[in-house]
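Here's structure_33.cif, which has mmCIF, C-alpha atoms and all ligand atoms:
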data_work
#
loop_
_atom_site.group_PDB
_atom_site.id
_atom_site.type_symbol
_atom_site.label_atom_id
_atom_site.label_comp_id
_atom_site.auth_asym_id
_atom_site.auth_seq_id
_atom_site.Cartn_x
_atom_site.Cartn_y
_atom_site.Cartn_z
ATOM 1 C CA MET A 1 219.009 111.812 78.981
ATOM 2 C CA ALA A 2 222.347 111.039 80.465
ATOM 3 C CA ASP A 3 221.688 113.776 82.991
ATOM 4 C CA ALA A 4 218.840 111.846 84.437
ATOM 5 C CA LEU A 5 221.030 108.938 85.287
ATOM 6 C CA PRO A 6 222.683 108.937 88.656
ATOM 7 C CA PRO A 7 226.279 110.027 88.466
ATOM 8 C CA THR A 8 228.392 107.026 87.682
ATOM 9 C CA ASP A 9 231.995 106.250 87.390
ATOM 10 C CA ASP A 10 232.787 107.298 83.849
ATOM 11 C CA THR A 11 235.730 105.033 83.406
ATOM 12 C CA PRO A 12 234.740 102.231 81.029
ATOM 13 C CA ARG A 13 234.366 98.837 82.618
ATOM 14 C CA GLU A 14 237.687 97.166 82.879
ATOM 15 C CA ARG A 15 238.004 94.306 80.506
ATOM 16 C CA PRO A 16 239.233 91.244 82.304
ATOM 17 C CA THR A 17 242.834 90.862 81.442
ATOM 18 C CA THR A 18 243.846 87.469 82.647
ATOM 19 C CA LEU A 19 242.103 84.277 81.615
ATOM 20 C CA ALA A 20 241.299 83.417 85.193
ATOM 21 C CA ALA A 21 239.621 86.747 85.760
ATOM 22 C CA GLN A 22 237.636 86.317 82.572
ATOM 23 C CA ASP A 23 236.481 82.915 83.740
ATOM 24 C CA ARG A 24 235.343 84.260 87.056
ATOM 25 C CA THR A 25 233.227 86.920 85.411
ATOM 26 C CA THR A 26 231.553 84.521 83.019
ATOM 27 C CA GLU A 27 230.903 82.235 85.929
ATOM 28 C CA GLN A 28 229.265 84.988 87.909
ATOM 29 C CA LEU A 29 227.120 86.084 85.048
ATOM 30 C CA ASP A 30 226.036 82.749 83.710
ATOM 31 C CA VAL A 31 225.843 80.618 86.768
ATOM 32 C CA ARG A 32 222.043 80.626 86.780
ATOM 33 C CA GLU A 33 221.717 80.147 83.072
ATOM 34 C CA LEU A 34 224.208 77.374 83.198
ATOM 35 C CA HIS A 35 222.314 75.542 85.871
ATOM 36 C CA GLU A 36 218.863 75.989 84.470
ATOM 37 C CA PRO A 37 218.955 72.993 82.161
ATOM 38 C CA ILE A 38 220.431 70.901 84.945
ATOM 39 C CA ILE A 39 217.697 71.928 87.318
ATOM 40 C CA ARG A 40 215.065 71.272 84.691
ATOM 41 C CA GLU A 41 216.372 67.885 83.702
ATOM 42 C CA ARG A 42 216.190 65.380 86.493
ATOM 43 C CA ALA A 43 218.630 62.578 86.554
ATOM 44 C CA ASP A 44 217.253 59.258 85.400
ATOM 45 C CA PRO A 45 216.219 57.260 88.439
ATOM 46 C CA ARG A 46 218.630 54.523 89.213
ATOM 47 C CA ASP A 47 217.321 51.009 89.201
ATOM 48 C CA GLY A 48 215.710 50.338 92.570
ATOM 49 C CA TYR A 49 215.677 54.018 93.549
ATOM 50 C CA GLU A 50 212.618 55.160 91.629
ATOM 51 C CA PRO A 51 210.436 57.659 93.479
ATOM 52 C CA VAL A 52 207.653 56.049 95.547
ATOM 53 C CA PRO A 53 204.390 56.183 93.609
ATOM 54 C CA MET A 54 201.739 58.497 95.016
ATOM 55 C CA TRP A 55 199.155 55.737 95.425
ATOM 56 C CA LEU A 56 201.512 53.829 97.711
ATOM 57 C CA VAL A 57 202.102 56.877 99.888
ATOM 58 C CA THR A 58 198.353 57.374 100.099
ATOM 59 C CA LEU A 59 197.799 53.723 100.913
ATOM 60 C CA PHE A 60 200.276 53.855 103.777
ATOM 61 C CA GLY A 61 198.715 57.059 105.055
ATOM 62 C CA VAL A 62 195.285 55.449 105.094
ATOM 63 C CA LEU A 63 196.655 52.285 106.717
ATOM 64 C CA LEU A 64 198.394 54.284 109.410
ATOM 65 C CA PHE A 65 195.266 56.280 110.138
ATOM 66 C CA TRP A 66 193.150 53.145 110.272
ATOM 67 C CA SER A 67 195.509 51.307 112.586
ATOM 68 C CA GLY A 68 195.643 54.255 114.971
ATOM 69 C CA PHE A 69 191.869 54.349 114.984
ATOM 70 C CA TYR A 70 191.646 50.587 115.485
ATOM 71 C CA LEU A 71 194.106 50.665 118.352
ATOM 72 C CA SER A 72 192.323 53.452 120.157
ATOM 73 C CA ARG A 73 188.982 51.672 119.731
ATOM 74 C CA HIS A 74 190.038 48.207 120.754
ATOM 75 C CA ALA A 75 193.137 48.387 122.922
ATOM 76 C CA GLY A 76 191.111 48.995 126.092
ATOM 77 C CA ASP A 77 193.747 51.388 127.423
ATOM 78 C CA PHE A 78 196.053 48.337 127.565
ATOM 79 C CA ARG A 79 194.592 47.410 130.926
ATOM 80 C CA ALA A 80 195.130 43.922 132.216
ATOM 81 C CA ASP A 81 191.529 43.566 133.323
ATOM 82 C CA VAL A 82 190.378 44.327 129.799
ATOM 83 C CA LEU A 83 192.849 42.412 127.712
ATOM 84 C CA ASP A 84 193.669 39.471 129.935
ATOM 85 C CA GLU A 85 191.207 36.629 129.608
ATOM 86 C CA ASP A 86 192.724 34.961 132.647
ATOM 87 C CA PRO A 87 190.325 35.516 135.557
ATOM 88 C CA ALA A 88 193.265 35.304 137.988
ATOM 89 C CA VAL A 89 194.226 38.821 136.888
ATOM 90 C CA LEU A 90 190.846 40.101 137.970
ATOM 91 C CA ARG A 91 191.054 38.346 141.309
ATOM 92 C CA GLY A 92 194.169 40.254 142.163
ATOM 93 C CA ALA A 93 197.445 39.044 143.557
ATOM 94 C CA GLY A 94 197.251 36.842 146.585
ATOM 95 C CA ALA A 95 193.618 35.904 146.070
ATOM 96 C CA ALA A 96 192.572 32.287 145.769
ATOM 97 C CA ALA A 97 193.538 30.944 142.380
ATOM 98 C CA GLU A 98 190.334 28.957 141.999
ATOM 99 C CA GLY A 99 186.684 29.750 142.420
ATOM 100 C CA PRO A 100 184.497 32.542 141.124
ATOM 101 C CA VAL A 101 185.717 36.138 140.946
ATOM 102 C CA ASP A 102 184.619 38.111 143.986
ATOM 103 C CA PRO A 103 182.243 40.725 142.509
ATOM 104 C CA VAL A 104 183.336 43.339 145.027
ATOM 105 C CA VAL A 105 187.024 42.914 144.131
ATOM 106 C CA LEU A 106 186.209 43.013 140.431
ATOM 107 C CA GLY A 107 183.772 45.860 141.027
ATOM 108 C CA GLU A 108 186.388 47.956 142.793
ATOM 109 C CA LYS A 109 188.813 47.553 139.904
ATOM 110 C CA LEU A 110 186.120 48.435 137.412
ATOM 111 C CA TYR A 111 185.073 51.416 139.500
ATOM 112 C CA LYS A 112 188.625 52.750 139.631
ATOM 113 C CA ALA A 113 189.050 52.265 135.907
ATOM 114 C CA ASN A 114 185.685 53.615 134.725
ATOM 115 C CA CYS A 115 184.102 55.890 137.277
ATOM 116 C CA THR A 116 186.670 57.667 139.479
ATOM 117 C CA SER A 117 187.435 60.301 136.846
ATOM 118 C CA CYS A 118 184.003 61.765 137.518
ATOM 119 C CA HIS A 119 182.611 60.344 140.754
ATOM 120 C CA GLN A 120 186.012 60.331 142.535
ATOM 121 C CA ARG A 121 187.768 57.687 144.601
ATOM 122 C CA ALA A 122 185.491 57.785 147.609
ATOM 123 C CA GLY A 123 182.317 58.260 145.583
ATOM 124 C CA GLN A 124 182.028 61.802 146.830
ATOM 125 C CA GLY A 125 181.582 63.343 143.377
ATOM 126 C CA VAL A 126 182.535 66.877 142.392
ATOM 127 C CA PRO A 127 180.362 69.768 143.638
ATOM 128 C CA ASN A 128 178.038 71.117 140.939
ATOM 129 C CA GLN A 129 179.464 68.717 138.375
ATOM 130 C CA TYR A 130 179.341 65.042 139.251
ATOM 131 C CA PRO A 131 176.880 63.791 141.840
ATOM 132 C CA PRO A 132 178.083 61.687 144.766
ATOM 133 C CA LEU A 133 177.482 57.949 144.864
ATOM 134 C CA ALA A 134 178.233 57.590 148.567
ATOM 135 C CA GLY A 135 174.940 57.932 150.387
ATOM 136 C CA SER A 136 172.939 58.402 147.165
ATOM 137 C CA SER A 137 169.545 56.724 147.105
ATOM 138 C CA TRP A 138 169.943 56.319 143.340
ATOM 139 C CA VAL A 139 172.706 53.862 144.191
ATOM 140 C CA THR A 140 171.282 52.081 147.201
ATOM 141 C CA GLY A 141 167.602 52.289 146.266
ATOM 142 C CA ASN A 142 165.609 50.723 143.436
ATOM 143 C CA GLU A 143 168.136 48.499 141.736
ATOM 144 C CA GLU A 144 166.400 48.535 138.369
ATOM 145 C CA ARG A 145 167.027 52.282 138.082
ATOM 146 C CA LEU A 146 170.697 51.758 138.859
ATOM 147 C CA ARG A 147 171.036 49.027 136.241
ATOM 148 C CA LEU A 148 169.411 51.261 133.627
ATOM 149 C CA ILE A 149 171.685 54.221 134.467
ATOM 150 C CA LEU A 150 174.705 52.005 133.920
ATOM 151 C CA LEU A 151 173.355 50.363 130.768
ATOM 152 C CA HIS A 152 172.207 53.451 128.884
ATOM 153 C CA GLY A 153 173.538 56.490 130.752
ATOM 154 C CA LEU A 154 171.726 59.449 132.252
ATOM 155 C CA GLN A 155 171.167 63.060 131.267
ATOM 156 C CA GLY A 156 169.250 66.108 132.366
ATOM 157 C CA PRO A 157 168.513 67.443 135.806
ATOM 158 C CA ILE A 158 168.758 65.107 138.764
ATOM 159 C CA GLU A 159 168.656 65.690 142.486
ATOM 160 C CA VAL A 160 171.156 63.786 144.597
ATOM 161 C CA LEU A 161 171.390 64.286 148.364
ATOM 162 C CA GLY A 162 169.461 67.526 148.124
ATOM 163 C CA LYS A 163 171.636 69.080 145.409
ATOM 164 C CA ARG A 164 170.731 69.549 141.792
ATOM 165 C CA TYR A 165 173.019 68.349 139.014
ATOM 166 C CA GLU A 166 172.665 68.541 135.291
ATOM 167 C CA GLY A 167 175.169 66.667 133.216
ATOM 168 C CA ASN A 168 175.767 63.616 131.099
ATOM 169 C CA MET A 169 176.527 60.244 132.523
ATOM 170 C CA PRO A 170 177.959 57.986 129.786
ATOM 171 C CA ALA A 171 176.401 54.602 128.983
ATOM 172 C CA PHE A 172 178.357 51.492 129.893
ATOM 173 C CA GLY A 173 176.067 48.901 128.284
ATOM 174 C CA GLN A 174 178.330 48.454 125.272
ATOM 175 C CA ARG A 175 181.556 48.571 127.232
ATOM 176 C CA LEU A 176 180.817 46.321 130.188
ATOM 177 C CA SER A 177 179.371 42.811 130.228
ATOM 178 C CA ASP A 178 176.447 41.863 132.476
ATOM 179 C CA GLU A 179 178.888 40.377 134.956
ATOM 180 C CA ARG A 180 180.913 43.580 135.093
ATOM 181 C CA ILE A 181 177.924 45.872 135.422
ATOM 182 C CA ALA A 182 176.716 43.621 138.234
ATOM 183 C CA ALA A 183 180.142 43.785 139.885
ATOM 184 C CA VAL A 184 180.552 47.557 139.697
ATOM 185 C CA THR A 185 177.008 48.267 140.862
ATOM 186 C CA THR A 186 177.407 45.788 143.695
ATOM 187 C CA TYR A 187 180.639 47.509 144.667
ATOM 188 C CA ILE A 188 179.128 51.013 144.774
ATOM 189 C CA ARG A 189 176.135 49.700 146.723
ATOM 190 C CA GLN A 190 178.473 48.393 149.410
ATOM 191 C CA ALA A 191 181.381 50.847 149.478
ATOM 192 C CA TRP A 192 181.842 54.051 151.501
ATOM 193 C CA GLY A 193 179.214 53.167 154.057
ATOM 194 C CA ASN A 194 176.570 52.218 151.494
ATOM 195 C CA ALA A 195 174.892 48.961 152.465
ATOM 196 C CA ALA A 196 172.515 47.533 149.887
ATOM 197 C CA GLU A 197 171.905 44.115 148.391
ATOM 198 C CA PRO A 198 174.269 42.976 145.627
ATOM 199 C CA ILE A 199 173.125 43.073 141.994
ATOM 200 C CA THR A 200 173.342 39.826 140.061
ATOM 201 C CA PRO A 201 174.565 39.399 136.468
ATOM 202 C CA GLY A 202 171.274 37.643 135.680
ATOM 203 C CA SER A 203 169.259 40.702 136.667
ATOM 204 C CA VAL A 204 171.468 42.934 134.489
ATOM 205 C CA ALA A 205 170.873 40.572 131.559
ATOM 206 C CA LEU A 206 167.102 40.858 132.106
ATOM 207 C CA SER A 207 167.216 44.685 132.193
ATOM 208 C CA ARG A 208 169.390 44.692 129.092
ATOM 209 C CA ASP A 209 167.002 42.422 127.183
ATOM 210 C CA ALA A 210 163.918 44.320 128.260
ATOM 211 C CA ASN A 211 165.409 47.608 126.959
ATOM 212 C CA GLN A 212 167.178 46.434 123.808
ATOM 213 C CA LYS A 213 165.727 49.252 121.732
ATOM 214 C CA ARG A 214 166.849 51.948 124.127
ATOM 215 C CA ARG A 215 169.567 54.127 122.592
ATOM 216 C CA GLU A 216 169.387 57.505 124.327
ATOM 217 C CA PRO A 217 170.292 58.063 127.977
ATOM 218 C CA TRP A 218 167.567 58.040 130.627
ATOM 219 C CA THR A 219 166.371 61.112 132.442
ATOM 220 C CA ALA A 220 165.852 61.181 136.177
ATOM 221 C CA ALA A 221 162.162 61.966 135.570
ATOM 222 C CA GLU A 222 161.771 58.769 133.533
ATOM 223 C CA LEU A 223 163.558 56.714 136.131
ATOM 224 C CA GLU A 224 161.329 58.052 138.909
ATOM 225 C CA ASN A 225 158.571 55.986 137.321
ATOM 226 C CA VAL A 226 160.572 52.796 136.967
ATOM 227 C CA LYS A 227 159.085 50.162 139.217
ATOM 228 C CA PRO A 228 161.435 48.175 141.388
ATOM 229 C CA PRO A 229 161.581 44.592 140.190
ATOM 230 C CA PRO A 230 159.329 42.168 142.015
ATOM 231 C CA ALA A 231 161.277 41.158 145.096
ATOM 232 C CA PRO A 232 162.514 37.594 144.830
ATOM 233 C CA THR A 233 160.420 35.600 147.265
ATOM 234 C CA PRO A 234 162.372 36.072 150.457
ATOM 235 C CA PRO A 235 163.219 33.117 152.620
ATOM 236 C CA ALA A 236 160.472 32.679 155.165
ATOM 237 C CA GLU A 237 161.153 35.133 157.972
ATOM 238 C CA PRO A 238 159.147 35.896 161.050
ATOM 239 C CA ALA A 239 156.880 38.740 160.003
ATOM 240 C CA GLU A 240 158.032 42.074 161.382
ATOM 241 C CA PRO A 241 155.864 45.100 161.702
ATOM 242 C CA ASP A 242 156.773 47.472 158.859
ATOM 243 C CA THR A 243 157.932 50.615 160.530
ATOM 244 C CA THR A 244 159.789 52.131 157.626
ATOM 245 C CA ASP A 245 158.194 54.729 155.421
ATOM 246 C CA GLU A 246 160.224 53.822 152.359
ATOM 247 C CA GLY A 247 157.160 53.452 150.163
ATOM 248 C CA LYS A 248 156.155 57.107 150.669
HETATM 249 C C1 LIG A 301 182.134 61.352 132.368
HETATM 250 C C2 LIG A 301 181.786 61.401 133.750
HETATM 251 C C3 LIG A 301 181.131 60.198 134.378
HETATM 252 C C4 LIG A 301 181.606 58.905 134.432
HETATM 253 C C5 LIG A 301 182.884 58.341 133.840
HETATM 254 C C6 LIG A 301 180.645 58.175 135.211
HETATM 255 N N1 LIG A 301 179.617 58.996 135.583
HETATM 256 FE FE1 LIG A 301 178.033 58.495 136.726
HETATM 257 N N2 LIG A 301 177.236 60.345 136.461
HETATM 258 C C7 LIG A 301 177.847 61.385 135.798
HETATM 259 C C8 LIG A 301 176.942 62.520 135.777
HETATM 260 C C9 LIG A 301 177.251 63.862 135.136
HETATM 261 C C10 LIG A 301 175.783 62.137 136.431
HETATM 262 C C11 LIG A 301 174.515 62.961 136.581
HETATM 263 C C12 LIG A 301 173.731 62.881 135.299
HETATM 264 C C13 LIG A 301 172.593 63.869 135.217
HETATM 265 O O1 LIG A 301 172.801 65.031 135.578
HETATM 266 O O2 LIG A 301 171.498 63.479 134.768
HETATM 267 C C14 LIG A 301 176.007 60.753 136.880
HETATM 268 C C15 LIG A 301 175.093 60.030 137.613
HETATM 269 C C16 LIG A 301 175.326 58.771 138.124
HETATM 270 C C17 LIG A 301 174.423 58.055 139.002
HETATM 271 C C18 LIG A 301 173.071 58.537 139.529
HETATM 272 C C19 LIG A 301 173.228 59.738 140.447
HETATM 273 C C20 LIG A 301 173.975 59.432 141.723
HETATM 274 O O3 LIG A 301 174.901 60.177 142.030
HETATM 275 O O4 LIG A 301 173.643 58.465 142.427
HETATM 276 C C21 LIG A 301 175.018 56.851 139.267
HETATM 277 C C22 LIG A 301 174.462 55.734 140.155
HETATM 278 C C23 LIG A 301 176.276 56.804 138.558
HETATM 279 N N3 LIG A 301 176.431 57.989 137.875
HETATM 280 C C24 LIG A 301 177.151 55.747 138.569
HETATM 281 C C25 LIG A 301 178.317 55.661 137.816
HETATM 282 C C26 LIG A 301 179.181 54.510 137.739
HETATM 283 C C27 LIG A 301 178.976 53.219 138.527
HETATM 284 C C28 LIG A 301 180.172 54.811 136.858
HETATM 285 C C29 LIG A 301 181.305 53.913 136.379
HETATM 286 C C30 LIG A 301 180.942 52.652 135.793
HETATM 287 C C31 LIG A 301 179.954 56.171 136.410
HETATM 288 N N4 LIG A 301 178.827 56.647 136.995
HETATM 289 C C32 LIG A 301 180.787 56.831 135.520
HETATM 290 C C33 LIG A 301 179.088 61.361 135.244
HETATM 291 C C34 LIG A 301 179.880 60.226 135.080
#

Turn the structure described in the file into structure tokens.
Amino acid sequence: MADALPPTDDTPRERPTTLAAQDRTTEQLDVRELHEPIIRERADPRDGYEPVPMWLVTLFGVLLFWSGFYLSRHAGDFRADVLDEDPAVLRGAGAAAEGPVDPVVLGEKLYKANCTSCHQRAGQGVPNQYPPLAGSSWVTGNEERLRLILLHGLQGPIEVLGKRYEGNMPAFGQRLSDERIAAVTTYIRQAWGNAAEPITPGSVALSRDANQKRREPWTAAELENVKPPPAPTPPAEPAEPDTTDEGK
């Protein structure tokens, strides 16, 4: 049997001679054993230093999550034109302090904040991704279609300036008031060389009311069939021969 064991130093283990040496050995051997009861037994919590109960940790976790969610939903990107009720902010520095907000000034701010990420600064869009607004008949044409696109969004194939796009345009009906939708649509109808009539907040309110049940975005095909609103009786003008072929 002993043969099987690896050759070892035959000399018997030296007994520790001095007390100190004996101590060291016991320490080495028993250090784990010695500590086991200490590790097992936790010290009694001192008054005021008890561990935080689990339910409180959970509560704070939930609160933290909720407040983050709330902030991201309602903080409006911390933009002045969202949070500040003072219309002077919307008018911009240097503008007249009194009087109604100029829809084009407001519209430009709203456009920069809500639309440039896709349609770009100059309304030129992004090839094959986001259609242009500059020169688009969807913008300058039938204003009811434009109001509906803004209110409920748009999806599916659409042709703009001879190019086909297929994407998702988000709805702004929940995010922007009638006045703001009117302002931003008026702005895009008059910017970058576009020249169409302004859109009034009242007309946005009418479109909104008439389509209260609408939840899903429009498709271009649906909007093709939307009739332009009856033209408000124009101020009496000398009749001109109609040479345009807009009606098709
Ligand atoms: C997330 C990107 C995105 C944002 C933001 C966005 N749009 Fe669009 N928009 C699109 C896409 C994509 C289409 C085409 C939808 C389709 O293919 O049916 C579109 C189509 C349109 C159209 C009709 C097509 C055209 O080019 O004339 C108008 C008008 C329009 N958007 C206006 C706006 C306005 C105004 C805003 C800001 C209030 C805005 N969009 C914000 C992506 C966006």

Subject >> Residue neighbourhood segment 145-162 of chain A, 6 Å, all atoms listed in the file, exclusion window fewer than 3 positions, as a list in words >> reply: Asn142, Tyr165, Glu166, Gly167, Asn168, Met169, Pro170, Ala171, Phe172, Gly173, Pro217, Trp218, Thr219, Ala220 and Leu223 of chain A

Subject >> Distance in Å - atom CA of Ala191 of chain A versus atom CA of Arg121 of chain A >> reply: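 Taking atom CA of Ala191 of chain A and atom CA of Arg121 of chain A, their separation equals 10.6 Å.
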
I need the output of the PyMOL selection byres (((chain A and resi 206) around 12) and not hetatm) for this file as a PDB file with C-alpha atoms, in the coordinates of the input; which residues are they?
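Generated output (expr.pdb):
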ATOM      1  CA  GLU A 144     166.400  48.535 138.369  1.00  0.00           C
ATOM      2  CA  ARG A 147     171.036  49.027 136.241  1.00  0.00           C
ATOM      3  CA  LEU A 148     169.411  51.261 133.627  1.00  0.00           C
ATOM      4  CA  LEU A 151     173.355  50.363 130.768  1.00  0.00           C
ATOM      5  CA  ASP A 178     176.447  41.863 132.476  1.00  0.00           C
ATOM      6  CA  ALA A 182     176.716  43.621 138.234  1.00  0.00           C
ATOM      7  CA  ILE A 199     173.125  43.073 141.994  1.00  0.00           C
ATOM      8  CA  THR A 200     173.342  39.826 140.061  1.00  0.00           C
ATOM      9  CA  PRO A 201     174.565  39.399 136.468  1.00  0.00           C
ATOM     10  CA  GLY A 202     171.274  37.643 135.680  1.00  0.00           C
ATOM     11  CA  SER A 203     169.259  40.702 136.667  1.00  0.00           C
ATOM     12  CA  VAL A 204     171.468  42.934 134.489  1.00  0.00           C
ATOM     13  CA  ALA A 205     170.873  40.572 131.559  1.00  0.00           C
ATOM     14  CA  SER A 207     167.216  44.685 132.193  1.00  0.00           C
ATOM     15  CA  ARG A 208     169.390  44.692 129.092  1.00  0.00           C
ATOM     16  CA  ASP A 209     167.002  42.422 127.183  1.00  0.00           C
ATOM     17  CA  ALA A 210     163.918  44.320 128.260  1.00  0.00           C
ATOM     18  CA  ASN A 211     165.409  47.608 126.959  1.00  0.00           C
ATOM     19  CA  GLN A 212     167.178  46.434 123.808  1.00  0.00           C
ATOM     20  CA  PRO A 229     161.581  44.592 140.190  1.00  0.00           C
TER      21      PRO A 229
END

Original post:
Separation of atom C24 of ligand LIG 301 (chain A) and atom CA of Gly76 of chain A, in Å?
Top reply: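 Separating atom C24 of ligand LIG 301 (chain A) from atom CA of Gly76 of chain A is a distance of 19.9 Å.
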
Original post:
Hey, can you check how far atom CA of Gly135 of chain A sits from atom C18 of ligand LIG 301 (chain A)?
Top reply: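 Spanning atom CA of Gly135 of chain A to atom C18 of ligand LIG 301 (chain A) is a straight-line distance of 11.0 Å.
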
Subject >> Distance query Ala134 of chain A at most 7 Å, only C-alpha atoms, self and fewer than 3 positions along chain excluded, as a list in words >> reply: Gly123, Gln124, Trp192 and Asn194 of chain A

What does the file look like for those residues with C-alpha atoms, as a short mmCIF file (atom, residue, chain, number, x, y, z; two decimals), in the frame of the given file?
data_model
loop_
_atom_site.label_atom_id
_atom_site.label_comp_id
_atom_site.auth_asym_id
_atom_site.auth_seq_id
_atom_site.Cartn_x
_atom_site.Cartn_y
_atom_site.Cartn_z
CA GLY A 123 182.32 58.26 145.58
CA GLN A 124 182.03 61.80 146.83
CA TRP A 192 181.84 54.05 151.50
CA ASN A 194 176.57 52.22 151.49
#

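Among the candidates A:Val226, A:Lys163, A:Pro131, A:Asp30, the residue lying nearest to ligand LIG 301 (chain A) is A:Pro131 (atoms considered: all atoms listed in the file).
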
Exercise on ligand LIG 301 (chain A), axis-aligned box with 6 Å per side, report centre and edge lengths in Å to one decimal, as JSON:
{"center_x": 177.2, "center_y": 58.8, "center_z": 137.4, "size_x": 23.4, "size_y": 24.4, "size_z": 22.1}

**OP:** Return as JSON, numbers by chain the set of residues that the PyMOL selection byres (((chain A and resi 195) around 12) and not hetatm) yields on the displayed structure.
**Re:** {"A": [134, 135, 136, 137, 139, 140, 141, 185, 186, 187, 188, 189, 190, 191, 192, 193, 194, 196, 197, 198]}
